[in-house]
>>> print(open('coords-v9.txt').read())   # compact mmCIF, C-alpha atoms
# COMPACT_ATOMS: atom_id res chain seq x y z
CA SER A 1 -42.04 -31.93 -63.68
CA VAL A 2 -39.58 -29.13 -64.26
CA PHE A 3 -35.98 -29.46 -63.15
CA ILE A 4 -33.39 -26.74 -62.95
CA VAL A 5 -29.84 -28.05 -62.90
CA GLN A 6 -27.13 -25.59 -61.87
CA ARG A 7 -23.45 -26.46 -61.98
CA ALA A 8 -21.92 -25.75 -58.61
CA ASP A 9 -18.44 -25.21 -57.26
CA CYS A 10 -19.94 -25.42 -53.82
CA LEU A 11 -23.43 -25.43 -52.45
CA SER A 12 -24.95 -25.40 -48.99
CA VAL A 13 -28.43 -25.27 -47.55
CA TYR A 14 -29.36 -23.55 -44.28
CA ASP A 15 -32.52 -23.59 -42.20
CA MET A 16 -34.29 -20.53 -40.77
CA GLY A 17 -32.05 -20.53 -37.72
CA GLY A 18 -28.97 -20.38 -39.92
CA GLU A 19 -28.01 -23.96 -39.21
CA GLN A 20 -26.52 -25.93 -42.09
CA ILE A 21 -28.79 -28.72 -43.32
CA SER A 22 -26.38 -30.10 -45.89
CA SER A 23 -23.66 -29.15 -48.33
CA ILE A 24 -21.63 -30.40 -51.25
CA GLY A 25 -18.43 -29.39 -53.00
CA ARG A 26 -18.18 -29.57 -56.76
CA GLY A 27 -21.30 -31.01 -58.39
CA ILE A 28 -24.82 -30.04 -59.37
CA CYS A 29 -27.77 -28.43 -57.65
CA VAL A 30 -31.08 -29.95 -58.72
CA LEU A 31 -34.18 -27.85 -58.10
CA LEU A 32 -37.19 -30.07 -58.51
CA GLY A 33 -40.68 -28.80 -59.32
CA ILE A 34 -43.16 -31.67 -59.18
CA SER A 35 -46.44 -31.12 -61.02
CA LEU A 36 -49.89 -32.50 -60.32
CA GLU A 37 -49.55 -34.71 -63.38
CA ASP A 38 -46.24 -36.36 -62.57
CA THR A 39 -45.86 -40.09 -62.18
CA HIS A 40 -43.08 -42.03 -60.46
CA LYS A 41 -42.06 -43.38 -63.84
CA GLU A 42 -41.39 -39.93 -65.23
CA LEU A 43 -39.23 -39.04 -62.26
CA GLU A 44 -37.25 -42.25 -62.70
CA HIS A 45 -36.57 -41.20 -66.27
CA MET A 46 -35.33 -37.86 -64.98
CA VAL A 47 -32.93 -39.58 -62.59
CA ARG A 48 -31.07 -41.03 -65.55
CA LYS A 49 -31.18 -37.74 -67.47
CA ILE A 50 -29.72 -35.79 -64.58
CA LEU A 51 -26.98 -38.24 -63.69
CA ASN A 52 -25.88 -38.47 -67.32
CA LEU A 53 -26.25 -34.82 -68.30
CA ARG A 54 -22.88 -33.68 -69.63
CA VAL A 55 -22.21 -30.39 -67.91
CA PHE A 56 -18.54 -30.85 -67.02
CA GLU A 57 -15.39 -30.81 -69.09
CA ASP A 58 -13.06 -33.72 -69.58
CA GLU A 59 -9.38 -33.94 -68.68
CA SER A 60 -8.35 -32.17 -71.90
CA GLY A 61 -10.70 -29.27 -71.14
CA LYS A 62 -13.35 -30.24 -73.68
CA HIS A 63 -16.66 -28.78 -72.58
CA TRP A 64 -19.98 -30.61 -72.20
CA SER A 65 -18.31 -33.98 -72.19
CA LYS A 66 -18.59 -35.38 -68.67
CA SER A 67 -21.54 -35.99 -66.38
CA VAL A 68 -21.67 -35.63 -62.61
CA MET A 69 -21.40 -39.41 -62.46
CA ASP A 70 -18.38 -39.51 -64.80
CA LYS A 71 -16.63 -37.04 -62.52
CA GLN A 72 -17.84 -38.67 -59.32
CA TYR A 73 -19.09 -35.30 -58.11
CA GLU A 74 -21.96 -34.71 -55.72
CA VAL A 75 -25.66 -33.91 -56.24
CA LEU A 76 -27.74 -31.75 -53.93
CA CYS A 77 -31.52 -31.83 -54.48
CA VAL A 78 -33.98 -29.26 -53.27
CA SER A 79 -37.73 -29.49 -53.77
CA GLN A 80 -38.92 -26.28 -55.46
CA PHE A 81 -42.67 -26.07 -56.04
CA THR A 82 -42.34 -22.50 -57.37
CA LEU A 83 -41.11 -24.04 -60.64
CA GLN A 84 -44.74 -25.01 -61.24
CA CYS A 85 -45.77 -21.37 -61.14
CA ILE A 86 -48.58 -20.02 -63.30
CA LEU A 87 -48.86 -16.26 -63.42
CA LYS A 88 -52.22 -14.72 -62.60
CA GLY A 89 -51.39 -11.24 -63.74
CA ASN A 90 -48.25 -10.57 -61.71
CA LYS A 91 -49.06 -12.99 -58.92
CA PRO A 92 -47.57 -16.49 -58.93
CA ASP A 93 -50.13 -19.23 -58.55
CA TYR A 94 -49.17 -22.80 -57.64
CA HIS A 95 -52.26 -24.86 -58.40
CA MET A 96 -50.25 -26.90 -60.90
CA ALA A 97 -47.79 -27.97 -58.21
CA MET A 98 -48.42 -31.35 -56.64
CA PRO A 99 -49.90 -31.01 -53.13
CA ALA A 100 -47.19 -31.18 -50.49
CA GLU A 101 -48.22 -34.46 -48.80
CA GLN A 102 -48.20 -36.30 -52.12
CA ALA A 103 -45.15 -34.46 -53.48
CA GLU A 104 -43.08 -35.47 -50.47
CA SER A 105 -43.35 -39.18 -51.29
CA PHE A 106 -42.51 -38.42 -54.93
CA TYR A 107 -39.53 -36.39 -53.81
CA ASN A 108 -38.30 -39.13 -51.46
CA ASN A 109 -38.74 -41.72 -54.16
CA PHE A 110 -36.74 -39.54 -56.53
CA LEU A 111 -33.90 -39.33 -53.99
CA GLU A 112 -33.98 -43.10 -53.48
CA GLN A 113 -33.74 -43.69 -57.23
CA LEU A 114 -30.82 -41.25 -57.48
CA LYS A 115 -28.98 -43.05 -54.70
CA LYS A 116 -29.66 -46.43 -56.26
CA ALA A 117 -28.48 -45.32 -59.71
CA TYR A 118 -25.39 -43.54 -58.36
CA LYS A 119 -23.80 -43.64 -54.89
CA PRO A 120 -25.90 -42.92 -51.81
CA GLU A 121 -23.09 -40.95 -50.15
CA LEU A 122 -22.87 -38.55 -53.10
CA ILE A 123 -26.58 -37.61 -53.01
CA LYS A 124 -27.56 -34.90 -50.55
CA ASP A 125 -30.83 -33.05 -50.04
CA GLY A 126 -32.48 -30.14 -48.32
CA LYS A 127 -35.47 -30.49 -46.04
CA PHE A 128 -38.73 -31.04 -47.89
CA GLY A 129 -41.18 -28.16 -47.59
CA ALA A 130 -39.01 -26.15 -45.24
CA TYR A 131 -38.03 -22.54 -45.64
CA MET A 132 -34.33 -22.56 -46.47
CA GLN A 133 -31.49 -20.48 -47.76
CA VAL A 134 -29.73 -22.16 -50.67
CA ASN A 135 -26.21 -20.82 -51.14
CA ILE A 136 -24.84 -21.78 -54.49
CA GLN A 137 -21.68 -20.83 -56.27
CA ASN A 138 -22.93 -21.34 -59.82
CA ASP A 139 -19.88 -22.19 -61.91
CA GLY A 140 -19.98 -20.65 -65.42
CA PRO A 141 -22.78 -19.91 -64.74
CA VAL A 142 -24.47 -23.02 -66.11
CA THR A 143 -28.23 -23.34 -65.64
CA ILE A 144 -30.14 -25.97 -67.58
CA GLU A 145 -33.86 -26.59 -67.55
CA LEU A 146 -35.15 -30.12 -68.01
CA GLU A 147 -38.75 -31.21 -68.32
CA SER A 148 -40.01 -34.71 -67.72
CA PRO A 149 -41.34 -36.66 -70.70
CA ALA A 150 -44.97 -36.37 -69.51
CA ALA A 151 -45.05 -32.90 -70.96
CA THR A 152 -43.94 -34.21 -74.33
CA MET A 153 -46.72 -36.73 -74.68
CA ASP A 154 -49.32 -34.15 -75.55
CA PRO A 155 -48.22 -32.39 -78.73
CA LYS A 156 -50.05 -29.25 -77.64
CA GLN A 157 -47.96 -29.04 -74.52
CA LEU A 158 -44.63 -29.36 -76.25
CA THR A 159 -42.03 -26.72 -75.69
CA LYS A 160 -39.66 -25.94 -78.51
CA LEU A 161 -36.96 -27.88 -76.76
CA GLU A 162 -39.02 -30.97 -76.35
CA LYS A 163 -40.35 -30.84 -79.86
CA GLN A 164 -36.88 -30.87 -81.30
CA GLN A 165 -35.96 -33.64 -78.94
CA GLN A 166 -38.97 -35.63 -80.06
CA ARG A 167 -38.34 -34.99 -83.73
CA LYS A 168 -34.88 -36.39 -83.23
CA GLU A 169 -36.06 -39.42 -81.32
CA LYS A 170 -39.02 -40.16 -83.55
CA THR A 171 -37.19 -42.81 -85.45
CA ARG A 172 -36.24 -44.60 -82.30
CA THR A 173 -39.36 -44.56 -80.15
CA LYS A 174 -43.02 -44.13 -80.83
CA VAL A 175 -44.59 -41.34 -78.83
CA PRO A 176 -47.93 -42.28 -77.29
CA SER A 177 -50.61 -39.84 -78.31
CA GLU A 178 -54.03 -41.32 -77.71
CA SER A 179 -53.68 -42.12 -74.05
CA SER A 180 -52.53 -38.64 -73.20
CA ARG A 181 -55.40 -36.87 -74.90
CA GLU A 182 -57.23 -36.47 -71.61
CA ARG A 183 -54.49 -34.27 -70.19
CA ASN A 184 -55.72 -31.57 -72.44
CA ALA A 185 -59.07 -31.26 -70.73
CA PRO A 186 -59.43 -27.89 -69.04
CA ARG A 187 -58.52 -28.10 -65.39
CA ASN A 188 -60.97 -26.72 -62.90
CA LYS A 189 -58.83 -24.16 -61.16
CA ASP A 190 -61.17 -24.05 -58.18
CA ASP A 191 -60.86 -27.78 -57.61
CA PRO A 192 -60.49 -27.96 -53.82
CA SER A 193 -58.19 -30.98 -53.94
CA ALA A 194 -55.78 -29.04 -56.15
CA SER A 195 -55.97 -25.79 -54.29
CA SER A 196 -55.57 -27.29 -50.86
CA GLY A 197 -52.22 -28.68 -51.85
CA ALA A 198 -50.97 -25.43 -53.23
CA GLU A 199 -52.14 -23.68 -50.10
CA GLY A 200 -50.43 -26.29 -48.01
CA ASP A 201 -47.27 -25.71 -49.94
CA VAL A 202 -47.55 -21.97 -49.49
CA SER A 203 -47.88 -22.37 -45.74
CA SER A 204 -45.92 -20.40 -43.20
CA GLU A 205 -43.71 -23.45 -42.72
CA ARG A 206 -42.71 -23.30 -46.34
CA GLU A 207 -42.46 -19.58 -46.75
CA PRO A 208 -40.26 -16.90 -45.22
CA SER B 5 -36.48 -16.45 -74.41
CA VAL B 6 -36.38 -18.29 -71.13
CA PHE B 7 -35.83 -16.43 -67.88
CA ILE B 8 -35.04 -17.89 -64.51
CA VAL B 9 -35.81 -15.55 -61.63
CA GLN B 10 -34.32 -16.45 -58.25
CA ARG B 11 -35.12 -14.52 -55.10
CA ALA B 12 -31.89 -13.49 -53.45
CA ASP B 13 -30.83 -12.35 -50.02
CA CYS B 14 -27.52 -11.46 -51.55
CA LEU B 15 -25.85 -12.13 -54.84
CA SER B 16 -22.44 -11.44 -56.30
CA VAL B 17 -20.66 -12.22 -59.54
CA TYR B 18 -16.93 -12.90 -59.85
CA ASP B 19 -14.64 -13.19 -62.85
CA MET B 20 -12.10 -15.95 -63.47
CA GLY B 21 -9.48 -14.17 -61.40
CA GLY B 22 -11.83 -14.05 -58.42
CA GLU B 23 -12.44 -10.33 -58.78
CA GLN B 24 -15.96 -9.12 -58.05
CA ILE B 25 -17.79 -7.84 -61.13
CA SER B 26 -20.93 -6.72 -59.33
CA SER B 27 -23.19 -7.52 -56.41
CA ILE B 28 -26.57 -6.76 -54.90
CA GLY B 29 -28.22 -7.19 -51.52
CA ARG B 30 -31.84 -8.25 -51.30
CA GLY B 31 -33.49 -8.57 -54.70
CA ILE B 32 -33.70 -10.92 -57.65
CA CYS B 33 -31.26 -12.71 -59.89
CA VAL B 34 -32.38 -12.84 -63.51
CA LEU B 35 -30.78 -15.51 -65.70
CA LEU B 36 -31.57 -14.69 -69.28
CA GLY B 37 -31.54 -17.25 -72.10
CA ILE B 38 -32.08 -15.51 -75.43
CA SER B 39 -33.26 -17.70 -78.29
CA LEU B 40 -32.69 -17.39 -82.01
CA GLU B 41 -36.31 -16.41 -82.43
CA ASP B 42 -36.48 -13.58 -79.93
CA THR B 43 -37.40 -10.04 -80.88
CA HIS B 44 -36.73 -6.83 -78.96
CA LYS B 45 -40.45 -6.47 -78.42
CA GLU B 46 -40.68 -9.77 -76.57
CA LEU B 47 -37.83 -8.82 -74.29
CA GLU B 48 -39.50 -5.49 -73.51
CA HIS B 49 -42.58 -7.41 -72.47
CA MET B 50 -40.40 -9.50 -70.15
CA VAL B 51 -38.98 -6.36 -68.54
CA ARG B 52 -42.46 -5.49 -67.26
CA LYS B 53 -43.16 -9.08 -66.20
CA ILE B 54 -39.96 -9.31 -64.19
CA LEU B 55 -40.23 -5.94 -62.48
CA ASN B 56 -43.83 -6.64 -61.47
CA LEU B 57 -43.50 -10.30 -60.55
CA ARG B 58 -44.73 -10.66 -56.98
CA VAL B 59 -42.12 -12.73 -55.22
CA PHE B 60 -41.83 -10.81 -51.96
CA GLU B 61 -44.12 -10.54 -48.94
CA ASP B 62 -45.80 -7.38 -47.76
CA GLU B 63 -45.43 -5.67 -44.38
CA SER B 64 -47.96 -8.00 -42.77
CA GLY B 65 -46.04 -11.06 -43.98
CA LYS B 66 -48.45 -11.96 -46.78
CA HIS B 67 -46.57 -13.96 -49.40
CA TRP B 68 -46.44 -13.30 -53.12
CA SER B 69 -47.74 -9.78 -52.76
CA LYS B 70 -44.88 -7.42 -53.56
CA SER B 71 -42.61 -7.06 -56.55
CA VAL B 72 -38.94 -6.12 -56.61
CA MET B 73 -40.09 -2.64 -57.67
CA ASP B 74 -42.63 -2.37 -54.84
CA LYS B 75 -39.86 -3.19 -52.37
CA GLN B 76 -37.27 -1.02 -54.11
CA TYR B 77 -34.90 -3.98 -54.13
CA GLU B 78 -32.14 -4.63 -56.67
CA VAL B 79 -31.96 -6.72 -59.84
CA LEU B 80 -28.86 -8.51 -61.07
CA CYS B 81 -28.98 -9.86 -64.63
CA VAL B 82 -26.75 -12.52 -66.07
CA SER B 83 -26.88 -13.73 -69.65
CA GLN B 84 -27.27 -17.52 -69.64
CA PHE B 85 -27.33 -19.14 -73.07
CA THR B 86 -27.43 -22.62 -71.49
CA LEU B 87 -31.14 -22.01 -70.83
CA GLN B 88 -31.62 -22.58 -74.58
CA CYS B 89 -30.21 -26.07 -74.26
CA ILE B 90 -31.51 -28.93 -76.38
CA LEU B 91 -30.35 -32.37 -75.34
CA LYS B 92 -28.71 -34.56 -77.95
CA GLY B 93 -28.73 -37.71 -75.94
CA ASN B 94 -26.94 -36.57 -72.81
CA LYS B 95 -25.03 -33.74 -74.44
CA PRO B 96 -26.35 -30.19 -74.26
CA ASP B 97 -26.63 -28.49 -77.63
CA TYR B 98 -27.04 -24.73 -77.98
CA HIS B 99 -28.09 -24.20 -81.58
CA MET B 100 -31.34 -22.63 -80.39
CA ALA B 101 -29.45 -19.92 -78.48
CA MET B 102 -29.02 -16.64 -80.28
CA PRO B 103 -25.45 -16.20 -81.62
CA ALA B 104 -23.31 -14.23 -79.17
CA GLU B 105 -22.71 -11.11 -81.30
CA GLN B 106 -26.43 -10.65 -81.86
CA ALA B 107 -27.43 -11.73 -78.35
CA GLU B 108 -25.18 -9.09 -76.80
CA SER B 109 -27.15 -6.23 -78.32
CA PHE B 110 -30.40 -7.87 -77.21
CA TYR B 111 -29.00 -8.28 -73.73
CA ASN B 112 -27.84 -4.66 -73.58
CA ASN B 113 -31.18 -3.47 -74.84
CA PHE B 114 -32.90 -5.55 -72.18
CA LEU B 115 -30.76 -3.91 -69.49
CA GLU B 116 -31.52 -0.46 -70.88
CA GLN B 117 -35.24 -1.17 -70.80
CA LEU B 118 -34.99 -2.43 -67.22
CA LYS B 119 -33.19 0.74 -66.16
CA LYS B 120 -35.69 2.93 -67.94
CA ALA B 121 -38.68 1.15 -66.40
CA TYR B 122 -37.16 1.07 -62.89
CA LYS B 123 -34.12 2.90 -61.49
CA PRO B 124 -30.76 2.65 -63.25
CA GLU B 125 -28.87 2.42 -59.95
CA LEU B 126 -30.86 -0.64 -58.88
CA ILE B 127 -30.06 -2.65 -62.03
CA LYS B 128 -26.74 -4.52 -62.05
CA ASP B 129 -25.30 -7.03 -64.47
CA GLY B 130 -22.56 -9.55 -65.03
CA LYS B 131 -20.21 -9.43 -67.98
CA PHE B 132 -21.76 -10.66 -71.20
CA GLY B 133 -20.25 -13.88 -72.51
CA ALA B 134 -17.62 -14.13 -69.79
CA TYR B 135 -16.91 -17.12 -67.60
CA MET B 136 -18.10 -16.16 -64.13
CA GLN B 137 -18.95 -17.50 -60.73
CA VAL B 138 -22.42 -16.45 -59.64
CA ASN B 139 -22.80 -16.63 -55.86
CA ILE B 140 -26.40 -16.50 -54.86
CA GLN B 141 -28.11 -16.92 -51.54
CA ASN B 142 -31.46 -18.10 -52.85
CA ASP B 143 -34.03 -17.08 -50.24
CA GLY B 144 -36.83 -19.66 -49.77
CA PRO B 145 -35.62 -21.01 -52.14
CA VAL B 146 -37.74 -19.31 -54.79
CA THR B 147 -37.00 -20.09 -58.44
CA ILE B 148 -39.48 -19.09 -61.13
CA GLU B 149 -39.25 -19.78 -64.82
CA LEU B 150 -40.70 -17.26 -67.26
CA GLU B 151 -40.97 -17.60 -71.01
CA SER B 152 -41.41 -14.74 -73.42
CA PRO B 153 -44.72 -14.47 -75.29
CA ALA B 154 -43.18 -15.54 -78.62
CA ALA B 155 -43.45 -19.11 -77.46
CA THR B 156 -47.14 -18.67 -76.74
CA MET B 157 -48.04 -17.46 -80.20
CA ASP B 158 -47.81 -20.87 -81.78
CA PRO B 159 -50.34 -23.13 -80.06
CA LYS B 160 -48.09 -26.12 -80.74
CA GLN B 161 -45.31 -24.53 -78.75
CA LEU B 162 -47.37 -23.76 -75.68
CA THR B 163 -46.20 -25.00 -72.35
CA LYS B 164 -48.79 -25.92 -69.78
CA LEU B 165 -48.08 -22.70 -67.97
CA GLU B 166 -48.61 -20.56 -70.99
CA LYS B 167 -51.72 -22.40 -72.07
CA GLN B 168 -53.39 -21.74 -68.77
CA GLN B 169 -52.26 -18.16 -68.97
CA GLN B 170 -53.68 -17.87 -72.44
CA ARG B 171 -56.97 -19.48 -71.50
CA LYS B 172 -57.32 -16.92 -68.78
CA GLU B 173 -56.45 -14.00 -71.02
CA LYS B 174 -58.46 -15.18 -74.01
CA THR B 175 -61.32 -12.87 -73.20
CA ARG B 176 -59.03 -9.89 -73.06
CA THR B 177 -56.65 -10.27 -76.00
CA LYS B 178 -56.73 -12.10 -79.28
CA VAL B 179 -53.76 -14.37 -79.82
CA PRO B 180 -52.27 -14.16 -83.32
CA SER B 181 -52.00 -17.57 -84.89
CA GLU B 182 -51.61 -17.24 -88.62
CA SER B 183 -48.51 -15.09 -88.68
CA SER B 184 -46.61 -17.39 -86.37
CA ARG B 185 -47.30 -20.55 -88.34
CA GLU B 186 -43.91 -20.36 -89.98
CA ARG B 187 -42.10 -20.80 -86.69
CA ASN B 188 -43.17 -24.37 -86.78
CA ALA B 189 -41.11 -25.22 -89.85
CA PRO B 190 -38.36 -27.70 -89.00
CA ARG B 191 -35.10 -25.93 -88.32
CA ASN B 192 -32.05 -27.13 -90.14
CA LYS B 193 -29.78 -28.01 -87.29
CA ASP B 194 -26.74 -27.94 -89.51
CA ASP B 195 -27.43 -24.39 -90.59
CA PRO B 196 -23.98 -22.82 -90.37
CA SER B 197 -25.32 -19.40 -89.37
CA ALA B 198 -27.00 -20.97 -86.37
CA SER B 199 -24.15 -23.21 -85.40
CA SER B 200 -21.43 -20.60 -85.67
CA GLY B 201 -23.14 -18.55 -83.01
CA ALA B 202 -23.55 -21.43 -80.67
CA GLU B 203 -19.94 -22.35 -81.18
CA GLY B 204 -18.93 -18.78 -80.52
CA ASP B 205 -20.90 -18.87 -77.33
CA VAL B 206 -19.26 -22.08 -76.26
CA SER B 207 -15.83 -20.57 -76.74
CA SER B 208 -13.01 -20.76 -74.28
CA GLU B 209 -13.81 -17.21 -73.23
CA ARG B 210 -17.27 -18.28 -72.21
CA GLU B 211 -16.49 -21.62 -70.72
CA PRO B 212 -14.44 -22.76 -67.77
>>> encode(input="coords-v9.txt", output="structure tokens")
Amino acid sequence: SVFIVQRADCLSVYDMGGEQISSIGRGICVLLGISLEDTHKELEHMVRKILNLRVFEDESGKHWSKSVMDKQYEVLCVSQFTLQCILKGNKPDYHMAMPAEQAESFYNNFLEQLKKAYKPELIKDGKFGAYMQVNIQNDGPVTIELESPAATMDPKQLTKLEKQQQRKEKTRTKVPSESSRERNAPRNKDDPSASSGAEGDVSSEREP
Amino acid sequence: SVFIVQRADCLSVYDMGGEQISSIGRGICVLLGISLEDTHKELEHMVRKILNLRVFEDESGKHWSKSVMDKQYEVLCVSQFTLQCILKGNKPDYHMAMPAEQAESFYNNFLEQLKKAYKPELIKDGKFGAYMQVNIQNDGPVTIELESPAATMDPKQLTKLEKQQQRKEKTRTKVPSESSRERNAPRNKDDPSASSGAEGDVSSEREP
């Protein structure tokens, strides 16, 4: 999965009719792109990462020292399958995104875990799969991309960021390599089970 | 480099005093995270990618069919070094971001290229290195992450996205592998030339 965390002074989400779905004051916006390969375990790991990510300053003004949880700020989550985009020429393709029906239960589970690990009343969300307007006042701006550990298990899929992370953590944990070898098998892009989900996601309900 | 493209219904950028720096109507917000390893050539490649990225619908309502250029919409760019974040535990670290002095000329060059490839009056920007509030009405929402081709040259640094892209393009272009081998050498994280830049970027001017 790919997460985009944006630090917000205020943030609100509206439906097509212009009605407010939810809103927060100071806190973080979490845009959540669930991939076909995600597991619940990976998302649970991300819950901890997000709640503990130090994007706020402390009382003395020292930057990058306090998390949303430290500050008791709010979190607003929005499912964002476009983060799983693969470009076919100039056209975004979403075959790597988890099909909507399946992604919805992952998304709900993610929200539940967030509420459990923090405070339910400080976790808000949009409306899964709906076309929305997300109004954010990005403070800084601060935009941070996080990827779930699944991507780090296959050395060939490592991004620079994750490689450094792994290098650093090597002494602490052993990274599984054998079990994830299969991930590297070429994916059949015409696989109907994969494409149907992406199509479902790119439905008129979802899109403007 | 890492780019975050967000589709916007409207977008404005304010300075610390609440004064508007710039704004656009319908178009895209481009958050631009320049890495230590970027070259001007890579950023020029990204100019084309961004201007041609199909994130808008056509007249018949067909999604993902028109680019910002097709629609003659606006582009607002904001430099965002936090996209080069590496997590040290829960604390963001920005040693991979290009030092501010150097990044500013890359950023300005990127803007120049955008204006040259499109229309100067449709390209707006924030204020490099300044603390700002970015107010975006993200339409959809649509958030797409793009990485510059540098990352794709080393097979070990490929993200899933780029690997698929590369697989698809393999028949058309040959990917250099030998020349980019060096990139893989472990970076000395205590390298003062790298850290000074990141520190500069995380200065009081830049941060809230």
>>> closest_residue(input="coords-v9.txt", among="B:Gly65, B:Pro153, B:Pro124, B:Gly29", to="chain A", atoms="only C-alpha atoms")
B:Gly65
>>> atom_distance(input="coords-v9.txt", atom1="atom CA of A:Glu104", atom2="atom CA of B:Val34")
28.2 Å
>>> atom_distance(input="coords-v9.txt", atom1="atom CA of B:Asp62", atom2="atom CA of B:Ala12")
16.2 Å
>>> residues_around(input="coords-v9.txt", residues="A:Phe81", least_positions_apart="3", cutoff="10 Å", atoms="all atoms listed in the file", output="PyMOL selection string")
(chain A and resi 1-2+31-35+78+84-85+94-100+103+129+198+201-202) or (chain B and resi 145-148)
>>> closest_residue(input="coords-v9.txt", among="B:Pro96, B:Gly22, B:Gly130, B:Gly31", to="B:Ser71", atoms="only C-alpha atoms")
B:Gly31
>>> atom_distance(input="coords-v9.txt", atom1="atom CA of A:Asn109", atom2="atom CA of A:Leu36")
15.7 Å
>>> closest_residue(input="coords-v9.txt", among="A:Ile136, A:Thr82, A:Glu121, A:Arg7", to="B:Trp68", atoms="only C-alpha atoms")
A:Thr82
